[in-house]
$ cat query37.cif   # mmCIF, C-alpha atoms and all ligand atoms
data_coords
#
loop_
_atom_site.group_PDB
_atom_site.id
_atom_site.type_symbol
_atom_site.label_atom_id
_atom_site.label_comp_id
_atom_site.auth_asym_id
_atom_site.auth_seq_id
_atom_site.Cartn_x
_atom_site.Cartn_y
_atom_site.Cartn_z
ATOM 1 C CA MET A 1 121.781 132.364 134.781
ATOM 2 C CA THR A 2 122.253 135.617 132.861
ATOM 3 C CA GLU A 3 119.094 137.084 131.362
ATOM 4 C CA ILE A 4 119.228 136.748 127.560
ATOM 5 C CA THR A 5 118.891 140.069 125.742
ATOM 6 C CA LYS A 6 119.391 141.011 122.123
ATOM 7 C CA HIS A 7 122.764 142.445 123.080
ATOM 8 C CA ASN A 8 124.216 139.451 124.976
ATOM 9 C CA PHE A 9 122.656 136.649 122.874
ATOM 10 C CA TRP A 10 125.906 135.555 121.223
ATOM 11 C CA ASP A 11 128.169 136.251 124.205
ATOM 12 C CA THR A 12 126.122 133.948 126.435
ATOM 13 C CA ILE A 13 125.353 131.166 123.944
ATOM 14 C CA GLU A 14 127.676 128.636 125.581
ATOM 15 C CA GLU A 15 125.805 129.179 128.894
ATOM 16 C CA TRP A 16 122.340 128.573 127.495
ATOM 17 C CA ARG A 17 122.559 126.310 124.461
ATOM 18 C CA ASP A 18 120.755 123.018 124.927
ATOM 19 C CA PRO A 19 120.433 120.872 121.768
ATOM 20 C CA SER A 20 117.802 118.692 123.462
ATOM 21 C CA LYS A 21 115.290 121.589 123.265
ATOM 22 C CA ILE A 22 113.402 121.556 119.938
ATOM 23 C CA THR A 23 113.013 124.967 118.259
ATOM 24 C CA PHE A 24 113.665 123.923 114.662
ATOM 25 C CA GLU A 25 113.284 120.919 112.364
ATOM 26 C CA TYR A 26 115.217 120.034 109.233
ATOM 27 C CA CYS A 27 112.864 119.748 106.226
ATOM 28 C CA GLY A 28 115.250 118.609 103.491
ATOM 29 C CA ARG A 29 117.153 120.486 100.851
ATOM 30 C CA THR A 30 117.049 121.632 97.239
ATOM 31 C CA SER A 31 119.855 121.753 94.716
ATOM 32 C CA LEU A 32 118.166 124.695 92.965
ATOM 33 C CA TYR A 33 119.901 127.182 95.280
ATOM 34 C CA THR A 34 122.720 128.011 92.832
ATOM 35 C CA LYS A 35 120.199 129.187 90.224
ATOM 36 C CA MET A 36 118.182 131.023 92.882
ATOM 37 C CA TYR A 37 121.400 132.759 93.989
ATOM 38 C CA ARG A 38 122.075 133.986 90.452
ATOM 39 C CA GLU A 39 118.554 135.385 90.217
ATOM 40 C CA CYS A 40 118.942 137.171 93.569
ATOM 41 C CA LYS A 41 122.183 138.836 92.468
ATOM 42 C CA GLN A 42 120.598 140.048 89.223
ATOM 43 C CA PHE A 43 117.503 141.487 90.877
ATOM 44 C CA ASP A 44 117.429 145.191 91.775
ATOM 45 C CA GLY A 45 113.891 145.827 93.023
ATOM 46 C CA TRP A 46 114.485 145.272 96.774
ATOM 47 C CA SER A 47 112.606 147.230 99.464
ATOM 48 C CA HIS A 48 114.686 148.479 102.396
ATOM 49 C CA THR A 49 113.590 147.092 105.760
ATOM 50 C CA PHE A 50 113.056 150.610 107.186
ATOM 51 C CA ASP A 51 110.742 151.566 104.310
ATOM 52 C CA GLY A 52 107.750 149.568 105.573
ATOM 53 C CA LYS A 53 105.319 152.402 104.855
ATOM 54 C CA ASN A 54 106.041 151.926 101.136
ATOM 55 C CA PHE A 55 106.012 148.107 100.989
ATOM 56 C CA SER A 56 103.704 146.628 98.346
ATOM 57 C CA GLU A 57 100.409 145.191 99.529
ATOM 58 C CA GLU A 58 101.726 141.697 98.781
ATOM 59 C CA LEU A 59 104.936 142.210 100.773
ATOM 60 C CA ARG A 60 102.976 143.522 103.779
ATOM 61 C CA TYR A 61 100.650 140.553 103.574
ATOM 62 C CA ASN A 62 103.296 137.842 103.161
ATOM 63 C CA LEU A 63 105.507 139.289 105.916
ATOM 64 C CA THR A 64 102.698 139.812 108.419
ATOM 65 C CA THR A 65 101.086 136.407 107.920
ATOM 66 C CA LEU A 66 104.356 134.444 107.576
ATOM 67 C CA SER A 67 103.852 132.592 110.857
ATOM 68 C CA GLY A 68 100.088 132.879 111.076
ATOM 69 C CA ALA A 69 99.515 136.378 112.493
ATOM 70 C CA PRO A 70 96.397 138.273 111.372
ATOM 71 C CA MET A 71 96.859 141.442 109.282
ATOM 72 C CA GLU A 72 96.128 143.543 112.384
ATOM 73 C CA ARG A 73 99.757 142.926 113.373
ATOM 74 C CA TRP A 74 101.033 145.017 110.442
ATOM 75 C CA GLU A 75 100.481 148.323 112.305
ATOM 76 C CA TYR A 76 102.772 147.107 115.076
ATOM 77 C CA LEU A 77 105.362 145.670 112.671
ATOM 78 C CA VAL A 78 105.649 148.831 110.594
ATOM 79 C CA GLU A 79 106.347 150.872 113.736
ATOM 80 C CA VAL A 80 108.716 148.474 115.445
ATOM 81 C CA GLN A 81 110.561 146.429 112.809
ATOM 82 C CA PHE A 82 110.076 148.156 109.505
ATOM 83 C CA SER A 83 110.937 151.726 110.439
ATOM 84 C CA GLU A 84 114.118 153.440 111.524
ATOM 85 C CA GLN A 85 112.423 154.777 114.671
ATOM 86 C CA GLY A 86 111.437 151.345 115.956
ATOM 87 C CA ASP A 87 113.314 149.268 118.509
ATOM 88 C CA GLY A 88 113.640 146.446 116.017
ATOM 89 C CA LEU A 89 116.295 144.150 114.659
ATOM 90 C CA ALA A 90 119.221 146.570 114.758
ATOM 91 C CA THR A 91 120.272 149.774 116.440
ATOM 92 C CA GLU A 92 122.416 151.135 113.636
ATOM 93 C CA ASP A 93 121.589 151.658 109.973
ATOM 94 C CA MET A 94 120.944 148.316 108.442
ATOM 95 C CA ASP A 95 121.725 146.775 105.072
ATOM 96 C CA TYR A 96 118.599 144.575 105.067
ATOM 97 C CA TRP A 97 116.119 144.222 102.203
ATOM 98 C CA TRP A 98 112.939 142.372 101.219
ATOM 99 C CA THR A 99 110.944 141.382 98.183
ATOM 100 C CA VAL A 100 108.115 139.064 97.217
ATOM 101 C CA PRO A 101 109.753 137.158 94.350
ATOM 102 C CA GLN A 102 107.776 137.321 91.083
ATOM 103 C CA LYS A 103 107.933 134.681 88.363
ATOM 104 C CA GLU A 104 109.613 136.919 85.754
ATOM 105 C CA ASP A 105 112.611 137.678 88.004
ATOM 106 C CA PHE A 106 112.784 134.430 89.991
ATOM 107 C CA PRO A 107 111.755 131.540 87.694
ATOM 108 C CA THR A 108 113.745 129.021 89.755
ATOM 109 C CA ILE A 109 111.859 129.863 92.950
ATOM 110 C CA TYR A 110 108.606 129.257 91.057
ATOM 111 C CA LYS A 111 109.951 125.961 89.685
ATOM 112 C CA PHE A 112 110.783 124.938 93.267
ATOM 113 C CA MET A 113 107.304 125.909 94.500
ATOM 114 C CA SER A 114 105.528 124.059 91.695
ATOM 115 C CA GLU A 115 107.516 120.916 92.565
ATOM 116 C CA ASN A 116 106.942 121.448 96.313
ATOM 117 C CA PRO A 117 103.444 122.899 96.687
ATOM 118 C CA GLU A 118 103.600 122.837 100.504
ATOM 119 C CA PHE A 119 105.768 125.975 100.261
ATOM 120 C CA THR A 120 103.682 129.111 99.611
ATOM 121 C CA ASN A 121 103.644 132.903 100.117
ATOM 122 C CA PRO A 122 107.375 133.449 99.543
ATOM 123 C CA VAL A 123 109.372 136.367 100.928
ATOM 124 C CA LEU A 124 113.025 136.888 100.048
ATOM 125 C CA SER A 125 115.478 138.585 102.402
ATOM 126 C CA LYS A 126 118.847 140.122 101.561
ATOM 127 C CA LEU A 127 121.369 140.961 104.310
ATOM 128 C CA GLY A 128 124.523 142.941 103.550
ATOM 129 C CA PRO A 129 128.061 141.696 104.295
ATOM 130 C CA ASN A 130 128.939 141.766 108.012
ATOM 131 C CA HIS A 131 125.498 143.035 109.022
ATOM 132 C CA GLN A 132 123.404 141.265 111.643
ATOM 133 C CA LEU A 133 119.840 140.716 112.782
ATOM 134 C CA LEU A 134 119.689 141.144 116.547
ATOM 135 C CA ALA A 135 117.867 138.523 118.605
ATOM 136 C CA HIS A 136 114.098 138.881 118.204
ATOM 137 C CA ASN A 137 110.960 136.749 118.151
ATOM 138 C CA HIS A 138 107.692 136.995 116.256
ATOM 139 C CA GLY A 139 105.371 137.131 119.266
ATOM 140 C CA PRO A 140 104.621 134.852 122.234
ATOM 141 C CA GLU A 141 102.175 132.407 120.559
ATOM 142 C CA HIS A 142 103.609 129.075 119.386
ATOM 143 C CA GLN A 143 104.270 129.633 115.655
ATOM 144 C CA TRP A 144 106.545 128.630 112.803
ATOM 145 C CA LEU A 145 107.690 129.490 109.306
ATOM 146 C CA PHE A 146 109.951 127.831 106.730
ATOM 147 C CA ASN A 147 113.401 129.246 105.967
ATOM 148 C CA LEU A 148 115.444 128.147 102.928
ATOM 149 C CA SER A 149 119.112 129.117 102.674
ATOM 150 C CA ILE A 150 120.135 130.349 99.223
ATOM 151 C CA ASN A 151 123.709 131.018 100.258
ATOM 152 C CA GLU A 152 125.821 131.005 103.437
ATOM 153 C CA PRO A 153 128.670 133.528 103.310
ATOM 154 C CA VAL A 154 131.868 132.466 105.098
ATOM 155 C CA GLY A 155 131.551 133.433 108.769
ATOM 156 C CA SER A 156 127.763 133.674 108.868
ATOM 157 C CA LYS A 157 125.887 132.179 111.813
ATOM 158 C CA PHE A 158 122.295 131.644 112.884
ATOM 159 C CA ALA A 159 120.979 130.499 116.275
ATOM 160 C CA ILE A 160 117.680 130.009 118.112
ATOM 161 C CA TYR A 161 117.238 130.172 121.883
ATOM 162 C CA PRO A 162 117.418 127.870 123.776
ATOM 163 C CA THR A 163 118.652 125.241 121.305
ATOM 164 C CA GLY A 164 121.714 126.956 119.866
ATOM 165 C CA PRO A 165 123.212 127.302 116.379
ATOM 166 C CA ILE A 166 121.716 125.798 113.217
ATOM 167 C CA ASP A 167 124.343 124.425 110.869
ATOM 168 C CA TYR A 168 122.790 125.827 107.674
ATOM 169 C CA LYS A 169 124.158 124.716 104.294
ATOM 170 C CA PRO A 170 123.002 126.399 101.054
ATOM 171 C CA GLY A 171 119.792 124.737 99.863
ATOM 172 C CA ASP A 172 118.757 123.592 103.378
ATOM 173 C CA ILE A 173 115.157 124.156 104.447
ATOM 174 C CA TYR A 174 114.266 124.392 108.126
ATOM 175 C CA LYS A 175 111.007 124.814 109.966
ATOM 176 C CA LEU A 176 111.729 127.466 112.615
ATOM 177 C CA TYR A 177 109.628 128.039 115.743
ATOM 178 C CA VAL A 178 109.993 131.812 115.652
ATOM 179 C CA ASN A 179 108.264 132.529 118.959
ATOM 180 C CA ASN A 180 111.755 131.710 120.296
ATOM 181 C CA ASP A 181 114.449 134.392 120.102
ATOM 182 C CA HIS A 182 116.687 134.006 117.071
ATOM 183 C CA ALA A 183 119.562 135.997 115.601
ATOM 184 C CA VAL A 184 121.793 136.148 112.523
ATOM 185 C CA VAL A 185 125.343 137.364 112.068
ATOM 186 C CA ASN A 186 126.317 137.572 108.436
ATOM 187 C CA GLY A 187 129.725 136.780 106.979
ATOM 188 C CA ASN A 188 131.671 138.635 104.334
ATOM 189 C CA GLU A 189 129.178 138.527 101.433
ATOM 190 C CA THR A 190 125.530 139.343 100.800
ATOM 191 C CA ARG A 191 123.290 136.667 102.310
ATOM 192 C CA TYR A 192 119.969 135.590 100.764
ATOM 193 C CA HIS A 193 117.330 133.506 102.558
ATOM 194 C CA LEU A 194 113.868 132.582 101.288
ATOM 195 C CA LEU A 195 110.943 132.354 103.727
ATOM 196 C CA PHE A 196 107.652 130.503 103.280
ATOM 197 C CA ARG A 197 104.423 130.587 105.211
ATOM 198 C CA GLY A 198 104.076 128.387 108.275
ATOM 199 C CA GLY A 199 101.361 128.754 110.879
ATOM 200 C CA ARG A 200 100.497 128.599 114.551
HETATM 201 FE FE FE A 301 112.780 136.477 112.626
#
$ encode --input "query37.cif" --output "structure tokens" --more "lines below"
Ligand SMILES: [Fe+2]
Amino acid sequence: MTEITKHNFWDTIEEWRDPSKITFEYCGRTSLYTKMYRECKQFDGWSHTFDGKNFSEELRYNLTTLSGAPMERWEYLVEVQFSEQGDGLATEDMDYWWTVPQKEDFPTIYKFMSENPEFTNPVLSKLGPNHQLLAHNHGPEHQWLFNLSINEPVGSKFAIYPTGPIDYKPGDIYKLYVNNDHAVVNGNETRYHLLFRGGR
């Protein structure tokens, strides 16, 4: 079988996909996504993914520890994923942004978290139209995080090796085992996903 790389991930998916392999679990859905979407579109305080050196302390912390890594991993992340020089999620300039949502700007996210206290340490991601996240994983140790879809632009797709695509609908929450390679291709509009802390 062809070796899976970040450049042939999508071209080889029909060769490798095997839905009997478990790399994600459906965790239910929320109908609050339409309000969350409105709040995302209004917000203008995003940090660009290649500006890791200037991320807030809270953003560094929530991103680094999202699937249970210790803060020591930040030094690696800022060189590889959150800087233009790194061999990270994309080779070209990338329309990809982050923020830790605060209550003033994202009241609906805080309403959701108060009703569902198992979801903590939120990080919001914003991916520009027709941009993609190349296949990557979060390290070799068994680990997971939670990923809530706020919107799914037409034509967007998400897959995890070796299972295959996840049929995300807006509002869906999945537990993702991110030690497995995963990739996103966005559709024709800005895509917002909300991540919560998992573990390992
Ligand atoms: Fe990831």
$ resolve_selection --input "query37.cif" --expression "the PyMOL selection byres (((chain A and resi 197) around 10) and not hetatm)" --output "list in words"
Asn62, Leu63, Thr64, Thr65, Leu66, Ser67, Gly68, Glu118, Phe119, Thr120, Asn121, Pro122, Val123, Trp144, Leu145, Phe146, Asn147, Lys175, Leu195, Phe196, Gly198 and Gly199 of chain A
$ resolve_selection --input "query37.cif" --expression "the PyMOL selection byres (((not hetatm)) within 7 of (chain A and resi 301))" --output "ChimeraX atom specification"
/A:136-138,178,182
$ residues_around --input "query37.cif" --residues "Leu89 in chain A" --least-positions-apart "2" --cutoff "10 Å" --atoms "only C-alpha atoms" --output "PDB file with C-alpha atoms, in the frame of the given file"
ATOM      1  CA  LYS A   6     119.391 141.011 122.123  1.00  0.00           C
ATOM      2  CA  THR A  49     113.590 147.092 105.760  1.00  0.00           C
ATOM      3  CA  VAL A  80     108.716 148.474 115.445  1.00  0.00           C
ATOM      4  CA  GLN A  81     110.561 146.429 112.809  1.00  0.00           C
ATOM      5  CA  PHE A  82     110.076 148.156 109.505  1.00  0.00           C
ATOM      6  CA  GLY A  86     111.437 151.345 115.956  1.00  0.00           C
ATOM      7  CA  ASP A  87     113.314 149.268 118.509  1.00  0.00           C
ATOM      8  CA  THR A  91     120.272 149.774 116.440  1.00  0.00           C
ATOM      9  CA  GLU A  92     122.416 151.135 113.636  1.00  0.00           C
ATOM     10  CA  MET A  94     120.944 148.316 108.442  1.00  0.00           C
ATOM     11  CA  TYR A  96     118.599 144.575 105.067  1.00  0.00           C
ATOM     12  CA  GLN A 132     123.404 141.265 111.643  1.00  0.00           C
ATOM     13  CA  LEU A 133     119.840 140.716 112.782  1.00  0.00           C
ATOM     14  CA  LEU A 134     119.689 141.144 116.547  1.00  0.00           C
ATOM     15  CA  ALA A 135     117.867 138.523 118.605  1.00  0.00           C
ATOM     16  CA  HIS A 136     114.098 138.881 118.204  1.00  0.00           C
ATOM     17  CA  ASN A 137     110.960 136.749 118.151  1.00  0.00           C
ATOM     18  CA  ALA A 183     119.562 135.997 115.601  1.00  0.00           C
ATOM     19  CA  VAL A 184     121.793 136.148 112.523  1.00  0.00           C
TER      20      VAL A 184
END
$ atom_distance --input "query37.cif" --atom1 "CA of Lys126 in chain A" --atom2 "CA of Cys40 in chain A"
8.5 Å
$ resolve_selection --input "query37.cif" --expression "the PyMOL selection byres (((chain A and resi 186) around 8) and not hetatm)" --output "VMD selection string"
chain A and resid 127 to 132 153 155 to 157 184 to 185 187 to 191
$ atom_distance --input "query37.cif" --atom1 "CA of Asn151 in chain A" --atom2 "CA of Thr108 in chain A"
14.6 Å
$ closest_residue --input "query37.cif" --among "A:Phe106, A:Tyr168, A:Trp10, A:Phe24" --to "Phe43 in chain A" --atoms "only C-alpha atoms"
A:Phe106
$ atom_distance --input "query37.cif" --atom1 "CA of Arg38 in chain A" --atom2 "CA of Ile150 in chain A"
9.7 Å
$ residues_near_point --input "query37.cif" --point "(100.5, 148.0, 110.7)" --cutoff "12 Å" --atoms "all atoms listed in the file" --output "short mmCIF file (atom, residue, chain, number, x, y, z; two decimals) with C-alpha atoms, keeping the file's coordinate frame"
data_model
loop_
_atom_site.label_atom_id
_atom_site.label_comp_id
_atom_site.auth_asym_id
_atom_site.auth_seq_id
_atom_site.Cartn_x
_atom_site.Cartn_y
_atom_site.Cartn_z
CA GLY A 52 107.75 149.57 105.57
CA LYS A 53 105.32 152.40 104.86
CA ASN A 54 106.04 151.93 101.14
CA PHE A 55 106.01 148.11 100.99
CA GLU A 57 100.41 145.19 99.53
CA ARG A 60 102.98 143.52 103.78
CA TYR A 61 100.65 140.55 103.57
CA LEU A 63 105.51 139.29 105.92
CA THR A 64 102.70 139.81 108.42
CA THR A 65 101.09 136.41 107.92
CA ALA A 69 99.52 136.38 112.49
CA PRO A 70 96.40 138.27 111.37
CA MET A 71 96.86 141.44 109.28
CA GLU A 72 96.13 143.54 112.38
CA ARG A 73 99.76 142.93 113.37
CA TRP A 74 101.03 145.02 110.44
CA GLU A 75 100.48 148.32 112.30
CA TYR A 76 102.77 147.11 115.08
CA LEU A 77 105.36 145.67 112.67
CA VAL A 78 105.65 148.83 110.59
CA GLU A 79 106.35 150.87 113.74
CA VAL A 80 108.72 148.47 115.44
CA GLN A 81 110.56 146.43 112.81
CA PHE A 82 110.08 148.16 109.50
CA SER A 83 110.94 151.73 110.44
#
$ closest_residue --input "query37.cif" --among "A:Tyr177, A:Phe9, A:Tyr33, A:Phe50" --to "Pro140 in chain A" --atoms "only C-alpha atoms"
A:Tyr177
$ residues_around --input "query37.cif" --residues "Asp44 in chain A" --least-positions-apart "3" --cutoff "12 Å" --atoms "all atoms listed in the file" --output "PyMOL selection string"
chain A and resi 39-41+47-48+97-99+101+105-106+126
$ axis_aligned_box --input "query37.cif" --around "range 165-184 of chain A" --padding-each-side "8 Å" --output "AutoDock Vina command-line options"
--center_x 116.3 --center_y 129.9 --center_z 110.1 --size_x 32.1 --size_y 28.6 --size_z 36.4
$ closest_residue --input "query37.cif" --among "A:Asp181, A:Glu14, A:Glu141, A:Asp95" --to "Phe158 in chain A" --atoms "only C-alpha atoms"
A:Asp181
$ closest_residue --input "query37.cif" --among "A:Ile173, A:Asp167, A:Tyr161, A:Thr34" --to "Glu15 in chain A" --atoms "only C-alpha atoms"
A:Tyr161
$ closest_residue --input "query37.cif" --among "A:Pro117, A:Tyr110, A:Gln143, A:Ile160" --to "Asp18 in chain A" --atoms "only C-alpha atoms"
A:Ile160
$ closest_residue --input "query37.cif" --among "A:Asn116, A:Ile4, A:Leu176, A:Pro107" --to "Arg17 in chain A" --atoms "all atoms listed in the file"
A:Ile4
